[in-house]
Amino acid sequence: QKEVEQNSGPLSVPEGAIASLNCTYSDRGSQSFFWYRQYSGKSPELIMSIYSNGDKEDGRFTAQLNKASQYVSLLIRDSQPSDSATYLCAGPQRADSWGKLQFGAGTQVVVTP
Amino acid sequence: GAGVSQSPSNKVTEKGKDVELRCDPISGHTALYWYRQSLGQGLEFLIYFQGNSAPDKSGLPSDRFSAERTGGSVSTLTIQRTQQEDSAVYLCASSPDGGVGQYFGPGTRLTVT
């Protein structure tokens with residue numbers, strides 16, 4: 001079983017709608033999670049960090065963490081064509097290996113005008 | 001401020017040659033990571049440096065791969081006797097400490113002919 005799992009997509013979202021991305025993880029001890037956006041041919045860009053249960057909002061992005069159910073999600077409100085990218089979820093590979101991140105394979109998002 | 005920089009941006013080499021890839025992390029970041037990403041694939045962890053601790057080399061795919069970090073700053077990834085399967089984008093990332101979000105450089109695209 002992979003440490004961090006995501007649906008590969010593509011997730012097609014009409015412009016202006018909400019894109020909902022999900023990520024599940026296997027290590028109950030994982031403490032921190034991150035969402036990265038990667039445009040085609042570019043390197044990943046950190047867009048959200050979340051360390052505690054609940055929601056964290058930053059502009060049009062909301063990250064949600066549910067440690068009991070072992071999932072983390074990302075909502076993109078008012079989706080724009082510029083949001084079309086692959087979104088990577090990342091969490092600690094092991095709770096006792098604090099520095100290393102395990103990346104999911106990524107979910108491709110396509111925002112259609 | 002300046003982000004993570006990597007050089008060269010592109011490298012074409014013949015099979016069997018050695019290559020060196022360089023990474024300049026964000027100033028003051030104690031953690032430095034190397035990943036590689038093959039076309040259309042996810043991120044593959046290679047090695048992690050944290051401060052003065054021994055590096056975590058658990059992701060290096062073979063003994064042809066090595067990395068060092070001098071003075072707690074610049075890092076060099078060396079691939080000896082390159083093989084065609086080494087062709088990928090090599091990404092470097094740094095973070096202020098382990099366990100927090102990582103910031104990626106633009107990557108080095110390595111092509112082994």
# chains A, B, ... in the order shown; residues from 1 in each chain; ligands from 1
call {"tool": "residues_around", "arguments": {"residues": "B:Ser58", "least_positions_apart": "2", "cutoff": "10 Å", "atoms": "only C-alpha atoms", "output": "tab-separated table (two decimals) with C-alpha atoms, in the first residue's frame"}}
result
chain	number	residue	atom	x	y	z
B	45	PHE	CA	12.84	10.74	-3.37
B	46	LEU	CA	16.60	10.35	-3.65
B	47	ILE	CA	18.39	11.88	-0.65
B	48	TYR	CA	17.79	14.27	2.26
B	55	PRO	CA	22.15	12.32	5.15
B	56	ASP	CA	19.25	9.97	4.50
B	60	LEU	CA	19.37	6.50	-4.07
B	61	PRO	CA	18.64	3.88	-6.74
call {"tool": "residues_around", "arguments": {"residues": "A:Met48", "least_positions_apart": "5", "cutoff": "8 Å", "atoms": "only C-alpha atoms", "output": "VMD selection string"}}
result
chain A and resid 34 to 36 58 61 63
call {"tool": "write_last_selection", "arguments": {"atoms": "all heavy atoms", "output": "short mmCIF file (atom, residue, chain, number, x, y, z; two decimals), in the first residue's frame"}}
result
data_model
loop_
_atom_site.label_atom_id
_atom_site.label_comp_id
_atom_site.auth_asym_id
_atom_site.auth_seq_id
_atom_site.Cartn_x
_atom_site.Cartn_y
_atom_site.Cartn_z
N PHE A 34 0.88 18.72 2.90
CA PHE A 34 1.15 19.83 2.01
C PHE A 34 0.50 19.56 0.66
O PHE A 34 0.41 18.41 0.22
CB PHE A 34 2.66 19.99 1.82
CG PHE A 34 3.42 20.05 3.12
CD1 PHE A 34 3.92 18.89 3.71
CD2 PHE A 34 3.58 21.25 3.79
CE1 PHE A 34 4.59 18.93 4.92
CE2 PHE A 34 4.25 21.30 5.00
CZ PHE A 34 4.75 20.14 5.57
N TRP A 35 0.08 20.63 0.03
CA TRP A 35 -0.43 20.55 -1.34
C TRP A 35 0.49 21.35 -2.24
O TRP A 35 0.84 22.50 -1.93
CB TRP A 35 -1.85 21.08 -1.43
CG TRP A 35 -2.88 20.13 -0.91
CD1 TRP A 35 -3.47 20.14 0.31
CD2 TRP A 35 -3.45 19.02 -1.62
NE1 TRP A 35 -4.36 19.11 0.41
CE2 TRP A 35 -4.37 18.41 -0.76
CE3 TRP A 35 -3.27 18.48 -2.90
CZ2 TRP A 35 -5.12 17.28 -1.12
CZ3 TRP A 35 -4.00 17.37 -3.27
CH2 TRP A 35 -4.92 16.79 -2.38
N TYR A 36 0.85 20.73 -3.34
CA TYR A 36 1.69 21.37 -4.34
C TYR A 36 0.93 21.42 -5.66
O TYR A 36 0.16 20.53 -5.99
CB TYR A 36 2.98 20.57 -4.55
CG TYR A 36 3.96 20.67 -3.42
CD1 TYR A 36 3.81 19.87 -2.28
CD2 TYR A 36 5.03 21.55 -3.47
CE1 TYR A 36 4.71 19.98 -1.23
CE2 TYR A 36 5.93 21.65 -2.42
CZ TYR A 36 5.76 20.86 -1.32
OH TYR A 36 6.65 20.96 -0.28
N ASP A 58 -6.88 29.85 2.34
CA ASP A 58 -5.93 30.83 1.83
C ASP A 58 -6.41 31.24 0.45
O ASP A 58 -6.24 30.50 -0.52
CB ASP A 58 -4.53 30.22 1.76
CG ASP A 58 -3.48 31.25 1.32
OD1 ASP A 58 -3.84 32.41 1.05
OD2 ASP A 58 -2.28 30.87 1.25
N PHE A 61 -8.21 28.81 -2.03
CA PHE A 61 -7.87 27.45 -1.64
C PHE A 61 -8.28 27.18 -0.19
O PHE A 61 -8.09 28.03 0.69
CB PHE A 61 -6.35 27.22 -1.76
CG PHE A 61 -5.83 27.34 -3.17
CD1 PHE A 61 -5.15 28.48 -3.57
CD2 PHE A 61 -6.00 26.32 -4.08
CE1 PHE A 61 -4.66 28.59 -4.86
CE2 PHE A 61 -5.51 26.43 -5.37
CZ PHE A 61 -4.84 27.57 -5.75
N ALA A 63 -7.73 23.89 2.51
CA ALA A 63 -7.25 22.55 2.81
C ALA A 63 -8.01 22.03 4.02
O ALA A 63 -8.32 22.78 4.95
CB ALA A 63 -5.75 22.56 3.09
#
call {"tool": "residues_around", "arguments": {"residues": "B:Ser66", "least_positions_apart": "5", "cutoff": "8 Å", "atoms": "only C-alpha atoms", "output": "list in words"}}
result
Leu60, Leu77, Thr78 and Ile79 of chain B
call {"tool": "residues_around", "arguments": {"residues": "B:Asp18", "least_positions_apart": "5", "cutoff": "10 Å", "atoms": "only C-alpha atoms", "output": "list in words"}}
result
Thr13, Arg64, Phe65, Thr78, Ile79, Gln80, Arg81, Thr82 and Gln83 of chain B
call {"tool": "write_last_selection", "arguments": {"atoms": "N, CA and C atoms", "output": "tab-separated table (two decimals), in the first residue's frame"}}
result
chain	number	residue	atom	x	y	z
B	13	THR	N	24.13	13.98	-22.07
B	13	THR	CA	25.38	13.26	-21.90
B	13	THR	C	25.30	11.91	-22.58
B	64	ARG	N	25.78	4.12	-8.13
B	64	ARG	CA	26.29	5.09	-9.11
B	64	ARG	C	25.90	6.52	-8.72
B	65	PHE	N	24.94	6.60	-7.82
B	65	PHE	CA	24.43	7.91	-7.39
B	65	PHE	C	25.05	8.29	-6.06
B	78	THR	N	25.89	13.59	-7.95
B	78	THR	CA	26.77	13.00	-8.97
B	78	THR	C	26.21	11.66	-9.41
B	79	ILE	N	26.15	11.48	-10.71
B	79	ILE	CA	25.75	10.20	-11.28
B	79	ILE	C	26.92	9.69	-12.10
B	80	GLN	N	27.43	8.55	-11.71
B	80	GLN	CA	28.56	7.95	-12.43
B	80	GLN	C	28.06	6.95	-13.45
B	81	ARG	N	28.81	6.85	-14.53
B	81	ARG	CA	28.52	5.84	-15.58
B	81	ARG	C	27.03	5.87	-15.93
B	82	THR	N	26.58	7.00	-16.39
B	82	THR	CA	25.15	7.21	-16.63
B	82	THR	C	24.58	6.16	-17.58
B	83	GLN	N	23.33	5.83	-17.33
B	83	GLN	CA	22.57	4.89	-18.14
B	83	GLN	C	21.35	5.62	-18.71
call {"tool": "residues_around", "arguments": {"residues": "stretch 27-35 of chain B", "least_positions_apart": "6", "cutoff": "10 Å", "atoms": "only C-alpha atoms", "output": "MDAnalysis selection string"}}
result
(chainID A and resid 99:101) or (chainID B and resid 1:4 42:52 55:57 59:60 67 69 72:77 88:100 102:104 107)
call {"tool": "residues_around", "arguments": {"residues": "A:Gly16", "least_positions_apart": "6", "cutoff": "10 Å", "atoms": "only C-alpha atoms", "output": "list in words"}}
result
Ile76, Arg77, Asp78, Ser79, Gln80, Pro81, Val111, Thr112 and Pro113 of chain A
call {"tool": "interface_residues", "arguments": {"of": "chain A", "to": "chain B", "cutoff": "10 Å", "atoms": "only C-alpha atoms", "output": "number ranges by chain"}}
result
A: 31-36, 40-51, 88, 90-92, 95, 97-106
call {"tool": "write_last_selection", "arguments": {"atoms": "C-alpha atoms", "output": "compact mmCIF listing (two decimals), in the first residue's frame"}}
result
# COMPACT_ATOMS: atom_id res chain seq x y z
CA GLN A 31 1.36 15.22 11.47
CA SER A 32 1.73 17.59 8.56
CA PHE A 33 0.48 17.72 5.02
CA PHE A 34 1.15 19.83 2.01
CA TRP A 35 -0.43 20.55 -1.34
CA TYR A 36 1.69 21.37 -4.34
CA SER A 40 3.26 20.93 -17.14
CA GLY A 41 7.01 21.17 -17.61
CA LYS A 42 7.51 23.08 -14.37
CA SER A 43 8.57 22.15 -10.86
CA PRO A 44 6.12 21.72 -7.96
CA GLU A 45 5.01 24.87 -6.15
CA LEU A 46 3.91 24.78 -2.51
CA ILE A 47 0.39 26.21 -2.20
CA MET A 48 -0.93 24.98 1.16
CA SER A 49 0.32 23.52 4.42
CA ILE A 50 -1.93 22.05 7.10
CA TYR A 51 -0.87 20.70 10.46
CA LEU A 88 0.33 16.76 -5.51
CA ALA A 90 2.45 15.19 0.37
CA GLY A 91 2.84 14.01 3.93
CA PRO A 92 5.59 12.66 6.13
CA ALA A 95 5.84 9.84 11.66
CA SER A 97 11.00 10.55 9.79
CA TRP A 98 9.92 14.10 10.20
CA GLY A 99 11.79 15.69 7.34
CA LYS A 100 10.99 13.36 4.47
CA LEU A 101 7.84 13.80 2.46
CA GLN A 102 5.96 11.10 0.61
CA PHE A 103 4.28 12.51 -2.47
CA GLY A 104 1.14 11.18 -4.03
CA ALA A 105 1.13 10.56 -7.76
CA GLY A 106 -0.92 13.72 -8.31
call {"tool": "select_by_dssp", "arguments": {"residues": "stretch 7-107 of chain A", "states": "strand (DSSP E)", "output": "ChimeraX atom specification"}}
result
/A:11-14,19-25,33-38,45-50,54-58,61-66,71-76,85-92,101-103,107
call {"tool": "residues_around", "arguments": {"residues": "A:Leu21", "least_positions_apart": "2", "cutoff": "8 Å", "atoms": "only C-alpha atoms", "output": "NGL selection string"}}
result
:A and (19 or 23 or 73-75 or 107)
call {"tool": "atom_distance", "arguments": {"atom1": "atom CA of B:Asp86", "atom2": "atom CA of B:Gly71"}}
result
27.6 Å
